[in-house]
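Each remark here refers to the structure printed beneath this line.
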Amino acid sequence: MNSFSGRRRLTVAALTSLVLAAGATACGSGLGGTGTKTADSGTYTIWDPYPQFAKDSAWAKLLNGCGDKAGVKIKRTAFDTSDLSNKVLLAAQQDNSPDVLIVDNPVVPTLAEAGVLTTTDDNKLDTSKADPNLLGAGQSGGKTYGTPVGANTLALYYNKDVLKVAGVDITSVKDWTSLTAALEKVKKAGKKGITFSAIGTEEGSFQFLPWFWGSGAKLTRLDSPQGVSALSLWTDWLEKGHAPNSVINNTQTTSWQEFAGGDYAFAENGTWQLANAEKAGFDYGVLPVPGAEGGTAAAPTGGEFVTIPVQSDTGRYTTTRKLASCLTGAENLYTTDTTLSYMAPTSEIQDKQVAADAKLNPWAEAVRAAKGRTSGDLGTKYPKISEQMWKAIQSALSGAKSPKDALAAAQSAVNQP
């Protein structure tokens, strides 16, 4: 008897939660095949959220290479992140899940609760070298459902030329007070302060979390004094002209475009902008987001998990584990994350990445301090919390409510059944 299939509980509620849980940072096409697969079919399916990688890309070649090593052919299908979420649930209902599923990390607990994924206890996928703070995003109910393929997160890019004109020594920026003092100097010098994304979507929550967590606040209580202090920081920046009103509608892409114009001192953005930073035409640096009182604030982890969905034919798991292990094992992980432009989920490979490119050091520091949005067994509660968080951000930044009242309303909404 299949020990996994009994755990399937696919519901409309699970589908709704899954759609809301789609992450901010992950990035194509048609549902692959129908009908039950068998262990001796010789073809194994992999679904991923990377439509930007074509059939002849380094990523596709890596997948095919893992297939060759396991002695099977790979049928890969790429989806946009939000589309992938829906397709996975539909496929599970039809007993036609892919063999390997690479999915945005906030989605993992919802798929797990819906009974779509096998646990690492069941599938024997080795997660022992993954950093615990990154692995936590794929845990629910005391079980682990896959392993991170890599991680991206947020930090502060800064324009060295703007800071020089303003007389700001970047080494003096260690906490919120010193960062705000730097923004004041930048404004006096006739330049622009900081830009970020506060849009009313998951992107807004994603960008707010380093400040929220950096204040010492917890997602289980949005309206704590610490949480209010974080939102007050942002509203004060807008009121004093240190950040533009455009942040209310900024995505992470439009926020980056503002910074790339060359007049802003700082921009909160992610590892995925590194290539664009090199093309910006000015000298830049990267600083981990500081905590309120100093140190590195925990930023949310972006990136995907390699998971093994439930199959009615359990004989496929042995080969599937080989494929997943090929992508996430030490032998290939450096290649995998270099291909995806991610920081590795293990300290060992992070050190190797930094040794190859010293500019990655601040990102390694940020990733080591990061944590999953659904960590701490928050799981499927996160989407509701995040929605109320971004609504509070919008309300406060627009001036409709004070930060305290906006977050109090948000917590009250979260508490509603």
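For the structure tokens, the naming scheme is as follows: chains receive sequential letters (A, B, ...) according to their order of presentation, residues are indexed from 1 within each chain, and ligands are indexed from 1 in presentation order.
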Do you know which residues are at most 10 Å from Met389 of chain A counting only C-alpha atoms, after dropping those on the same chain fewer than 3 positions away, and could you put them as an MDAnalysis selection string?
chainID A and resid 200:202 204:206 208:209 219 222:223 383:386 392:395 406:407 409:411 414
May I have the selected residues written with N, CA and C atoms, as a PDB file, in the first residue's frame?
```pdb
ATOM      1  N   GLY A 200       1.297  46.960  -2.543  1.00  0.00           N
ATOM      2  CA  GLY A 200       0.323  46.161  -1.796  1.00  0.00           C
ATOM      3  C   GLY A 200       0.205  44.740  -2.293  1.00  0.00           C
ATOM      4  N   THR A 201       1.310  44.037  -2.265  1.00  0.00           N
ATOM      5  CA  THR A 201       1.367  42.619  -2.626  1.00  0.00           C
ATOM      6  C   THR A 201       2.402  41.953  -1.727  1.00  0.00           C
ATOM      7  N   GLU A 202       2.667  40.677  -1.981  1.00  0.00           N
ATOM      8  CA  GLU A 202       3.701  39.967  -1.234  1.00  0.00           C
ATOM      9  C   GLU A 202       5.056  40.652  -1.338  1.00  0.00           C
ATOM     10  N   GLY A 204       5.657  43.795  -1.182  1.00  0.00           N
ATOM     11  CA  GLY A 204       5.738  44.804  -0.130  1.00  0.00           C
ATOM     12  C   GLY A 204       6.056  44.194   1.219  1.00  0.00           C
ATOM     13  N   SER A 205       5.397  43.083   1.547  1.00  0.00           N
ATOM     14  CA  SER A 205       5.698  42.394   2.807  1.00  0.00           C
ATOM     15  C   SER A 205       7.124  41.878   2.812  1.00  0.00           C
ATOM     16  N   PHE A 206       7.538  41.304   1.693  1.00  0.00           N
ATOM     17  CA  PHE A 206       8.886  40.756   1.566  1.00  0.00           C
ATOM     18  C   PHE A 206       9.936  41.815   1.880  1.00  0.00           C
ATOM     19  N   PHE A 208       9.456  44.630   3.564  1.00  0.00           N
ATOM     20  CA  PHE A 208       9.306  45.183   4.908  1.00  0.00           C
ATOM     21  C   PHE A 208       9.876  44.254   5.983  1.00  0.00           C
ATOM     22  N   LEU A 209       9.914  42.969   5.716  1.00  0.00           N
ATOM     23  CA  LEU A 209      10.291  41.999   6.744  1.00  0.00           C
ATOM     24  C   LEU A 209      11.667  42.231   7.369  1.00  0.00           C
ATOM     25  N   LEU A 219       6.041  37.709  13.601  1.00  0.00           N
ATOM     26  CA  LEU A 219       4.868  37.676  12.733  1.00  0.00           C
ATOM     27  C   LEU A 219       3.598  37.259  13.469  1.00  0.00           C
ATOM     28  N   LEU A 222       1.671  41.356  14.859  1.00  0.00           N
ATOM     29  CA  LEU A 222       2.022  42.457  13.968  1.00  0.00           C
ATOM     30  C   LEU A 222       2.047  43.804  14.680  1.00  0.00           C
ATOM     31  N   ASP A 223       1.186  43.987  15.682  1.00  0.00           N
ATOM     32  CA  ASP A 223       1.037  45.297  16.312  1.00  0.00           C
ATOM     33  C   ASP A 223       1.870  45.479  17.570  1.00  0.00           C
ATOM     34  N   PRO A 383       0.271  33.364   4.637  1.00  0.00           N
ATOM     35  CA  PRO A 383      -0.386  34.188   3.613  1.00  0.00           C
ATOM     36  C   PRO A 383      -1.363  35.215   4.187  1.00  0.00           C
ATOM     37  N   LYS A 384      -2.147  34.823   5.174  1.00  0.00           N
ATOM     38  CA  LYS A 384      -3.109  35.750   5.783  1.00  0.00           C
ATOM     39  C   LYS A 384      -2.382  36.870   6.519  1.00  0.00           C
ATOM     40  N   ILE A 385      -1.325  36.505   7.235  1.00  0.00           N
ATOM     41  CA  ILE A 385      -0.541  37.506   7.967  1.00  0.00           C
ATOM     42  C   ILE A 385       0.097  38.484   6.993  1.00  0.00           C
ATOM     43  N   SER A 386       0.687  37.956   5.928  1.00  0.00           N
ATOM     44  CA  SER A 386       1.357  38.803   4.943  1.00  0.00           C
ATOM     45  C   SER A 386       0.387  39.768   4.283  1.00  0.00           C
ATOM     46  N   ALA A 392      -1.461  47.068   5.894  1.00  0.00           N
ATOM     47  CA  ALA A 392      -1.075  48.035   6.928  1.00  0.00           C
ATOM     48  C   ALA A 392      -0.001  48.981   6.412  1.00  0.00           C
ATOM     49  N   ILE A 393       0.947  48.449   5.670  1.00  0.00           N
ATOM     50  CA  ILE A 393       2.012  49.275   5.094  1.00  0.00           C
ATOM     51  C   ILE A 393       1.415  50.337   4.181  1.00  0.00           C
ATOM     52  N   GLN A 394       0.513  49.910   3.307  1.00  0.00           N
ATOM     53  CA  GLN A 394      -0.132  50.842   2.380  1.00  0.00           C
ATOM     54  C   GLN A 394      -0.911  51.916   3.141  1.00  0.00           C
ATOM     55  N   SER A 395      -1.630  51.500   4.168  1.00  0.00           N
ATOM     56  CA  SER A 395      -2.443  52.429   4.945  1.00  0.00           C
ATOM     57  C   SER A 395      -1.580  53.472   5.645  1.00  0.00           C
ATOM     58  N   ALA A 406      -2.693  51.203  11.990  1.00  0.00           N
ATOM     59  CA  ALA A 406      -2.675  50.333  10.808  1.00  0.00           C
ATOM     60  C   ALA A 406      -2.327  48.897  11.200  1.00  0.00           C
ATOM     61  N   LEU A 407      -1.342  48.751  12.075  1.00  0.00           N
ATOM     62  CA  LEU A 407      -0.936  47.410  12.486  1.00  0.00           C
ATOM     63  C   LEU A 407      -1.928  46.800  13.474  1.00  0.00           C
ATOM     64  N   ALA A 409      -5.154  47.229  13.280  1.00  0.00           N
ATOM     65  CA  ALA A 409      -6.216  46.755  12.405  1.00  0.00           C
ATOM     66  C   ALA A 409      -5.784  45.466  11.707  1.00  0.00           C
ATOM     67  N   ALA A 410      -4.507  45.412  11.323  1.00  0.00           N
ATOM     68  CA  ALA A 410      -3.988  44.221  10.654  1.00  0.00           C
ATOM     69  C   ALA A 410      -4.035  43.007  11.582  1.00  0.00           C
ATOM     70  N   GLN A 411      -3.612  43.193  12.825  1.00  0.00           N
ATOM     71  CA  GLN A 411      -3.628  42.080  13.764  1.00  0.00           C
ATOM     72  C   GLN A 411      -5.042  41.638  14.073  1.00  0.00           C
ATOM     73  N   VAL A 414      -6.131  39.458  11.258  1.00  0.00           N
ATOM     74  CA  VAL A 414      -5.480  38.146  11.331  1.00  0.00           C
ATOM     75  C   VAL A 414      -6.171  37.262  12.361  1.00  0.00           C
TER      76      VAL A 414
END
```
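Using only C-alpha atoms, the nearest neighbour of Gln252 of chain A within the list A:Ser215, A:Gln226, A:Ser412, A:Gln207 is A:Gln207.
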Quick one: residues within 6 Å of Thr346 of chain A, only C-alpha atoms, excluding same-chain residues fewer than 4 positions away - as a PyMOL selection string?
chain A and resi 129-131
May I ask for the distance between atom CA of Asp48 of chain A and atom CA of Gly141 of chain A, given in Å to one decimal place?
24.9 Å
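Take atom CA of Leu163 of chain A and atom CA of Trp176 of chain A: the distance between them is 16.7 Å.
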For the structure I just gave you, how does DSSP split segment 287-335 of chain A - specifically, which residues are alpha helix (DSSP H)? Reply as a PyMOL selection string.
chain A and resi 317-328+330-335
Those same residues - all heavy atoms - I'd like them written as a compact mmCIF listing (two decimals), in the first residue's frame.
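Writing done, so here's selection_16.txt:
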```
# COMPACT_ATOMS: atom_id res chain seq x y z
N TYR A 317 10.53 6.29 -6.50
CA TYR A 317 11.23 7.15 -5.55
C TYR A 317 12.75 6.97 -5.54
O TYR A 317 13.49 7.93 -5.32
CB TYR A 317 10.68 6.95 -4.14
CG TYR A 317 9.26 7.43 -3.95
CD1 TYR A 317 8.32 6.64 -3.32
CD2 TYR A 317 8.86 8.69 -4.39
CE1 TYR A 317 7.01 7.07 -3.13
CE2 TYR A 317 7.56 9.13 -4.22
CZ TYR A 317 6.64 8.31 -3.59
OH TYR A 317 5.35 8.75 -3.42
N THR A 318 13.22 5.76 -5.76
CA THR A 318 14.67 5.53 -5.72
C THR A 318 15.38 6.38 -6.77
O THR A 318 16.38 7.05 -6.48
CB THR A 318 14.98 4.04 -5.95
OG1 THR A 318 14.38 3.28 -4.91
CG2 THR A 318 16.49 3.81 -5.93
N THR A 319 14.86 6.38 -7.99
CA THR A 319 15.47 7.18 -9.05
C THR A 319 15.23 8.66 -8.82
O THR A 319 16.13 9.49 -9.04
CB THR A 319 14.91 6.77 -10.42
OG1 THR A 319 15.24 5.40 -10.66
CG2 THR A 319 15.49 7.63 -11.54
N THR A 320 14.04 8.99 -8.34
CA THR A 320 13.73 10.40 -8.08
C THR A 320 14.69 10.98 -7.05
O THR A 320 15.16 12.12 -7.18
CB THR A 320 12.28 10.55 -7.58
OG1 THR A 320 11.39 10.02 -8.56
CG2 THR A 320 11.94 12.00 -7.33
N ARG A 321 14.98 10.21 -6.01
CA ARG A 321 15.93 10.68 -4.99
C ARG A 321 17.30 10.94 -5.61
O ARG A 321 17.99 11.90 -5.24
CB ARG A 321 16.03 9.67 -3.86
CG ARG A 321 16.97 10.13 -2.73
CD ARG A 321 16.92 9.22 -1.52
NE ARG A 321 17.36 7.86 -1.83
CZ ARG A 321 16.56 6.81 -1.88
NH1 ARG A 321 15.25 6.95 -1.66
NH2 ARG A 321 17.03 5.61 -2.15
N LYS A 322 17.71 10.10 -6.57
CA LYS A 322 18.99 10.30 -7.24
C LYS A 322 19.00 11.62 -8.00
O LYS A 322 20.00 12.36 -7.98
CB LYS A 322 19.28 9.15 -8.21
CG LYS A 322 19.56 7.82 -7.54
CD LYS A 322 19.79 6.73 -8.58
CE LYS A 322 20.05 5.37 -7.92
NZ LYS A 322 20.24 4.30 -8.94
N LEU A 323 17.90 11.94 -8.64
CA LEU A 323 17.80 13.19 -9.39
C LEU A 323 17.86 14.40 -8.46
O LEU A 323 18.59 15.37 -8.70
CB LEU A 323 16.51 13.22 -10.20
CG LEU A 323 16.35 12.16 -11.29
CD1 LEU A 323 14.95 12.21 -11.90
CD2 LEU A 323 17.41 12.35 -12.37
N ALA A 324 17.08 14.35 -7.38
CA ALA A 324 17.06 15.46 -6.42
C ALA A 324 18.42 15.62 -5.76
O ALA A 324 18.91 16.75 -5.56
CB ALA A 324 15.97 15.23 -5.37
N SER A 325 19.04 14.51 -5.43
CA SER A 325 20.35 14.55 -4.77
C SER A 325 21.41 15.09 -5.72
O SER A 325 22.35 15.77 -5.28
CB SER A 325 20.74 13.15 -4.29
OG SER A 325 19.83 12.68 -3.32
N CYS A 326 21.27 14.79 -7.00
CA CYS A 326 22.22 15.30 -7.98
C CYS A 326 22.21 16.82 -8.02
O CYS A 326 23.26 17.45 -8.11
CB CYS A 326 21.87 14.72 -9.36
SG CYS A 326 22.94 15.30 -10.70
N LEU A 327 21.03 17.41 -7.92
CA LEU A 327 20.90 18.86 -7.98
C LEU A 327 21.36 19.56 -6.71
O LEU A 327 21.85 20.69 -6.75
CB LEU A 327 19.44 19.25 -8.26
CG LEU A 327 18.89 18.90 -9.64
CD1 LEU A 327 17.39 19.17 -9.69
CD2 LEU A 327 19.61 19.71 -10.71
N THR A 328 21.19 18.89 -5.57
CA THR A 328 21.42 19.56 -4.28
C THR A 328 22.61 19.02 -3.51
O THR A 328 22.93 19.54 -2.45
CB THR A 328 20.16 19.44 -3.39
OG1 THR A 328 19.88 18.05 -3.17
CG2 THR A 328 18.97 20.10 -4.05
N ALA A 330 26.65 18.12 -2.69
CA ALA A 330 27.85 18.97 -2.72
C ALA A 330 28.55 18.94 -4.07
O ALA A 330 29.15 19.93 -4.50
CB ALA A 330 28.81 18.51 -1.62
N GLU A 331 28.47 17.82 -4.77
CA GLU A 331 29.17 17.68 -6.05
C GLU A 331 28.68 18.67 -7.09
O GLU A 331 29.45 19.22 -7.88
CB GLU A 331 28.99 16.25 -6.58
CG GLU A 331 29.71 15.99 -7.90
CD GLU A 331 29.52 14.57 -8.39
OE1 GLU A 331 29.03 13.72 -7.62
OE2 GLU A 331 29.86 14.31 -9.57
N ASN A 332 27.36 18.95 -7.10
CA ASN A 332 26.78 19.81 -8.13
C ASN A 332 26.22 21.12 -7.62
O ASN A 332 25.83 21.98 -8.41
CB ASN A 332 25.65 19.07 -8.86
CG ASN A 332 26.16 18.23 -10.02
OD1 ASN A 332 27.28 18.40 -10.47
ND2 ASN A 332 25.34 17.31 -10.47
N LEU A 333 26.17 21.31 -6.31
CA LEU A 333 25.46 22.47 -5.76
C LEU A 333 26.09 23.79 -6.20
O LEU A 333 25.39 24.76 -6.49
CB LEU A 333 25.41 22.39 -4.24
CG LEU A 333 24.41 23.33 -3.54
CD1 LEU A 333 23.01 23.16 -4.11
CD2 LEU A 333 24.40 23.07 -2.04
N TYR A 334 27.40 23.83 -6.26
CA TYR A 334 28.07 25.06 -6.70
C TYR A 334 27.65 25.40 -8.13
O TYR A 334 27.32 26.55 -8.44
CB TYR A 334 29.58 24.90 -6.61
CG TYR A 334 30.36 26.13 -7.06
CD1 TYR A 334 30.55 27.20 -6.19
CD2 TYR A 334 30.87 26.23 -8.35
CE1 TYR A 334 31.24 28.33 -6.59
CE2 TYR A 334 31.56 27.35 -8.76
CZ TYR A 334 31.75 28.40 -7.88
OH TYR A 334 32.43 29.53 -8.29
N THR A 335 27.62 24.38 -8.99
CA THR A 335 27.20 24.59 -10.37
C THR A 335 25.74 25.00 -10.44
O THR A 335 25.37 25.91 -11.18
CB THR A 335 27.40 23.30 -11.19
OG1 THR A 335 28.78 22.93 -11.15
CG2 THR A 335 26.98 23.49 -12.64
```
Which residues are close to Ala344 of chain A, i.e. within 10 Å by only C-alpha atoms, leaving aside same-chain residues fewer than 6 positions away? Reply as a ChimeraX atom specification.
/A:130-131,134,148-152,328,333-338,350-353,364,367
If we count only C-alpha atoms, what is near segment 155-161 of chain A at a cut-off of 8 Å, once residues fewer than 4 positions away on the same chain are taken out, given as an mmCIF file with all heavy atoms, in the first residue's frame?
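Final output, saved to selection.cif:
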```
data_model
loop_
_atom_site.group_PDB
_atom_site.id
_atom_site.type_symbol
_atom_site.label_atom_id
_atom_site.label_comp_id
_atom_site.auth_asym_id
_atom_site.auth_seq_id
_atom_site.Cartn_x
_atom_site.Cartn_y
_atom_site.Cartn_z
ATOM 1 N N VAL A 165 29.756 62.396 -2.184
ATOM 2 C CA VAL A 165 29.314 63.792 -2.297
ATOM 3 C C VAL A 165 28.673 64.256 -0.988
ATOM 4 O O VAL A 165 28.859 65.406 -0.565
ATOM 5 C CB VAL A 165 28.311 63.943 -3.463
ATOM 6 C CG1 VAL A 165 27.631 65.303 -3.415
ATOM 7 C CG2 VAL A 165 29.021 63.750 -4.797
ATOM 8 N N GLY A 262 20.952 56.679 -10.718
ATOM 9 C CA GLY A 262 22.200 57.254 -10.233
ATOM 10 C C GLY A 262 22.084 58.332 -9.176
ATOM 11 O O GLY A 262 23.110 58.811 -8.677
ATOM 12 N N TYR A 264 20.075 58.058 -6.244
ATOM 13 C CA TYR A 264 19.751 57.533 -4.920
ATOM 14 C C TYR A 264 20.996 56.988 -4.217
ATOM 15 O O TYR A 264 21.863 56.361 -4.845
ATOM 16 C CB TYR A 264 18.704 56.424 -5.016
ATOM 17 C CG TYR A 264 17.300 56.958 -5.141
ATOM 18 C CD1 TYR A 264 16.751 57.205 -6.398
ATOM 19 C CD2 TYR A 264 16.536 57.241 -4.014
ATOM 20 C CE1 TYR A 264 15.456 57.715 -6.526
ATOM 21 C CE2 TYR A 264 15.248 57.755 -4.135
ATOM 22 C CZ TYR A 264 14.720 57.989 -5.392
ATOM 23 O OH TYR A 264 13.457 58.491 -5.509
ATOM 24 N N ALA A 265 21.034 57.209 -2.910
ATOM 25 C CA ALA A 265 22.148 56.689 -2.115
ATOM 26 C C ALA A 265 21.983 55.200 -1.846
ATOM 27 O O ALA A 265 22.960 54.433 -1.896
ATOM 28 C CB ALA A 265 22.251 57.443 -0.789
ATOM 29 N N PHE A 266 20.743 54.764 -1.559
ATOM 30 C CA PHE A 266 20.488 53.382 -1.172
ATOM 31 C C PHE A 266 19.273 52.818 -1.906
ATOM 32 O O PHE A 266 18.360 53.556 -2.279
ATOM 33 C CB PHE A 266 20.212 53.268 0.340
ATOM 34 C CG PHE A 266 21.351 53.659 1.221
ATOM 35 C CD1 PHE A 266 21.454 54.963 1.705
ATOM 36 C CD2 PHE A 266 22.329 52.734 1.583
ATOM 37 C CE1 PHE A 266 22.504 55.333 2.539
ATOM 38 C CE2 PHE A 266 23.378 53.094 2.421
ATOM 39 C CZ PHE A 266 23.462 54.397 2.901
ATOM 40 N N ALA A 267 19.272 51.511 -2.060
ATOM 41 C CA ALA A 267 18.100 50.795 -2.560
ATOM 42 C C ALA A 267 18.066 49.426 -1.900
ATOM 43 O O ALA A 267 19.088 48.726 -1.855
ATOM 44 C CB ALA A 267 18.150 50.631 -4.075
ATOM 45 N N GLU A 268 16.908 49.083 -1.374
ATOM 46 C CA GLU A 268 16.732 47.731 -0.846
ATOM 47 C C GLU A 268 16.345 46.832 -2.020
ATOM 48 O O GLU A 268 15.345 47.072 -2.687
ATOM 49 C CB GLU A 268 15.642 47.699 0.222
ATOM 50 C CG GLU A 268 15.464 46.310 0.829
ATOM 51 C CD GLU A 268 14.314 46.238 1.820
ATOM 52 O OE1 GLU A 268 13.589 47.248 1.973
ATOM 53 O OE2 GLU A 268 14.147 45.178 2.435
ATOM 54 N N ASN A 269 17.163 45.820 -2.260
ATOM 55 C CA ASN A 269 16.852 44.905 -3.349
ATOM 56 C C ASN A 269 17.628 43.611 -3.144
ATOM 57 O O ASN A 269 18.289 43.433 -2.118
ATOM 58 C CB ASN A 269 17.140 45.529 -4.711
ATOM 59 C CG ASN A 269 15.989 45.320 -5.680
ATOM 60 O OD1 ASN A 269 15.676 44.190 -6.051
ATOM 61 N ND2 ASN A 269 15.335 46.411 -6.088
ATOM 62 N N GLY A 270 17.529 42.718 -4.122
ATOM 63 C CA GLY A 270 18.040 41.367 -3.919
ATOM 64 C C GLY A 270 19.226 40.967 -4.765
ATOM 65 O O GLY A 270 19.703 41.716 -5.626
ATOM 66 N N PHE A 282 27.871 53.142 -12.322
ATOM 67 C CA PHE A 282 28.478 53.816 -11.177
ATOM 68 C C PHE A 282 28.986 52.768 -10.192
ATOM 69 O O PHE A 282 28.560 51.607 -10.223
ATOM 70 C CB PHE A 282 27.503 54.776 -10.486
ATOM 71 C CG PHE A 282 26.172 54.174 -10.106
ATOM 72 C CD1 PHE A 282 26.032 53.410 -8.953
ATOM 73 C CD2 PHE A 282 25.038 54.401 -10.888
ATOM 74 C CE1 PHE A 282 24.806 52.864 -8.586
ATOM 75 C CE2 PHE A 282 23.804 53.866 -10.531
ATOM 76 C CZ PHE A 282 23.694 53.089 -9.385
ATOM 77 N N ASP A 283 29.888 53.188 -9.336
ATOM 78 C CA ASP A 283 30.485 52.280 -8.366
ATOM 79 C C ASP A 283 29.485 52.028 -7.242
ATOM 80 O O ASP A 283 28.942 52.975 -6.663
ATOM 81 C CB ASP A 283 31.765 52.907 -7.802
ATOM 82 C CG ASP A 283 32.689 51.869 -7.178
ATOM 83 O OD1 ASP A 283 32.387 50.667 -7.284
ATOM 84 O OD2 ASP A 283 33.713 52.284 -6.592
ATOM 85 N N TYR A 284 29.244 50.768 -6.955
ATOM 86 C CA TYR A 284 28.242 50.434 -5.940
ATOM 87 C C TYR A 284 28.849 49.500 -4.900
ATOM 88 O O TYR A 284 29.904 48.888 -5.089
ATOM 89 C CB TYR A 284 27.024 49.756 -6.586
ATOM 90 C CG TYR A 284 27.263 48.315 -6.971
ATOM 91 C CD1 TYR A 284 26.939 47.270 -6.098
ATOM 92 C CD2 TYR A 284 27.853 47.987 -8.191
ATOM 93 C CE1 TYR A 284 27.194 45.945 -6.436
ATOM 94 C CE2 TYR A 284 28.104 46.672 -8.542
ATOM 95 C CZ TYR A 284 27.776 45.650 -7.663
ATOM 96 O OH TYR A 284 28.037 44.349 -7.993
ATOM 97 N N GLY A 285 28.152 49.390 -3.769
ATOM 98 C CA GLY A 285 28.508 48.435 -2.735
ATOM 99 C C GLY A 285 27.229 47.805 -2.205
ATOM 100 O O GLY A 285 26.123 48.207 -2.574
ATOM 101 N N VAL A 286 27.385 46.819 -1.343
ATOM 102 C CA VAL A 286 26.237 46.133 -0.758
ATOM 103 C C VAL A 286 26.427 46.049 0.750
ATOM 104 O O VAL A 286 27.514 45.711 1.234
ATOM 105 C CB VAL A 286 26.061 44.715 -1.342
ATOM 106 C CG1 VAL A 286 24.898 44.002 -0.659
ATOM 107 C CG2 VAL A 286 25.822 44.783 -2.852
ATOM 108 N N LEU A 287 25.371 46.373 1.482
ATOM 109 C CA LEU A 287 25.392 46.355 2.936
ATOM 110 C C LEU A 287 24.196 45.542 3.430
ATOM 111 O O LEU A 287 23.065 45.809 3.032
ATOM 112 C CB LEU A 287 25.281 47.792 3.464
ATOM 113 C CG LEU A 287 25.203 48.005 4.972
ATOM 114 C CD1 LEU A 287 26.570 47.789 5.605
ATOM 115 C CD2 LEU A 287 24.699 49.430 5.263
ATOM 116 N N PRO A 288 24.411 44.536 4.279
ATOM 117 C CA PRO A 288 23.256 43.833 4.849
ATOM 118 C C PRO A 288 22.348 44.819 5.579
ATOM 119 O O PRO A 288 22.822 45.799 6.172
ATOM 120 C CB PRO A 288 23.894 42.840 5.834
ATOM 121 C CG PRO A 288 25.257 42.592 5.271
ATOM 122 C CD PRO A 288 25.687 43.933 4.710
ATOM 123 N N VAL A 289 21.053 44.585 5.537
ATOM 124 C CA VAL A 289 20.110 45.480 6.223
ATOM 125 C C VAL A 289 20.429 45.463 7.711
ATOM 126 O O VAL A 289 20.472 44.399 8.332
ATOM 127 C CB VAL A 289 18.651 45.034 5.994
ATOM 128 C CG1 VAL A 289 17.696 45.924 6.793
ATOM 129 C CG2 VAL A 289 18.298 45.071 4.509
ATOM 130 N N ALA A 299 16.659 38.846 7.036
ATOM 131 C CA ALA A 299 15.878 39.130 5.839
ATOM 132 C C ALA A 299 15.169 37.851 5.416
ATOM 133 O O ALA A 299 15.613 36.753 5.757
ATOM 134 C CB ALA A 299 16.788 39.640 4.725
ATOM 135 N N TRP A 363 26.338 39.219 0.679
ATOM 136 C CA TRP A 363 25.165 38.383 0.436
ATOM 137 C C TRP A 363 25.236 37.102 1.246
ATOM 138 O O TRP A 363 24.215 36.616 1.741
ATOM 139 C CB TRP A 363 25.034 38.074 -1.052
ATOM 140 C CG TRP A 363 24.714 39.295 -1.847
ATOM 141 C CD1 TRP A 363 25.531 39.962 -2.708
ATOM 142 C CD2 TRP A 363 23.489 40.034 -1.825
ATOM 143 N NE1 TRP A 363 24.895 41.066 -3.217
ATOM 144 C CE2 TRP A 363 23.640 41.126 -2.698
ATOM 145 C CE3 TRP A 363 22.278 39.869 -1.151
ATOM 146 C CZ2 TRP A 363 22.623 42.054 -2.912
ATOM 147 C CZ3 TRP A 363 21.265 40.789 -1.368
ATOM 148 C CH2 TRP A 363 21.440 41.871 -2.228
ATOM 149 N N ALA A 366 24.150 38.095 4.609
ATOM 150 C CA ALA A 366 22.705 38.303 4.667
ATOM 151 C C ALA A 366 21.949 36.977 4.666
ATOM 152 O O ALA A 366 20.982 36.798 5.414
ATOM 153 C CB ALA A 366 22.255 39.165 3.490
#
```
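Residue-level DSSP output for segment 187-378 of chain A, from the backbone, shows strand (DSSP E) at Lys192, Gly193, Ile194, Thr195, Tyr264, Ala265, Phe266, Ala267, Glu268, Asn269, Gly270, Tyr284, Gly285, Val286, Leu287, Glu304, Phe305, Val306 and Thr307 of chain A.
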Counting only C-alpha atoms, the residue of A:Asp80, A:Glu239, A:Glu258, A:Glu348 that sits nearest Leu397 of chain A:
A:Glu239
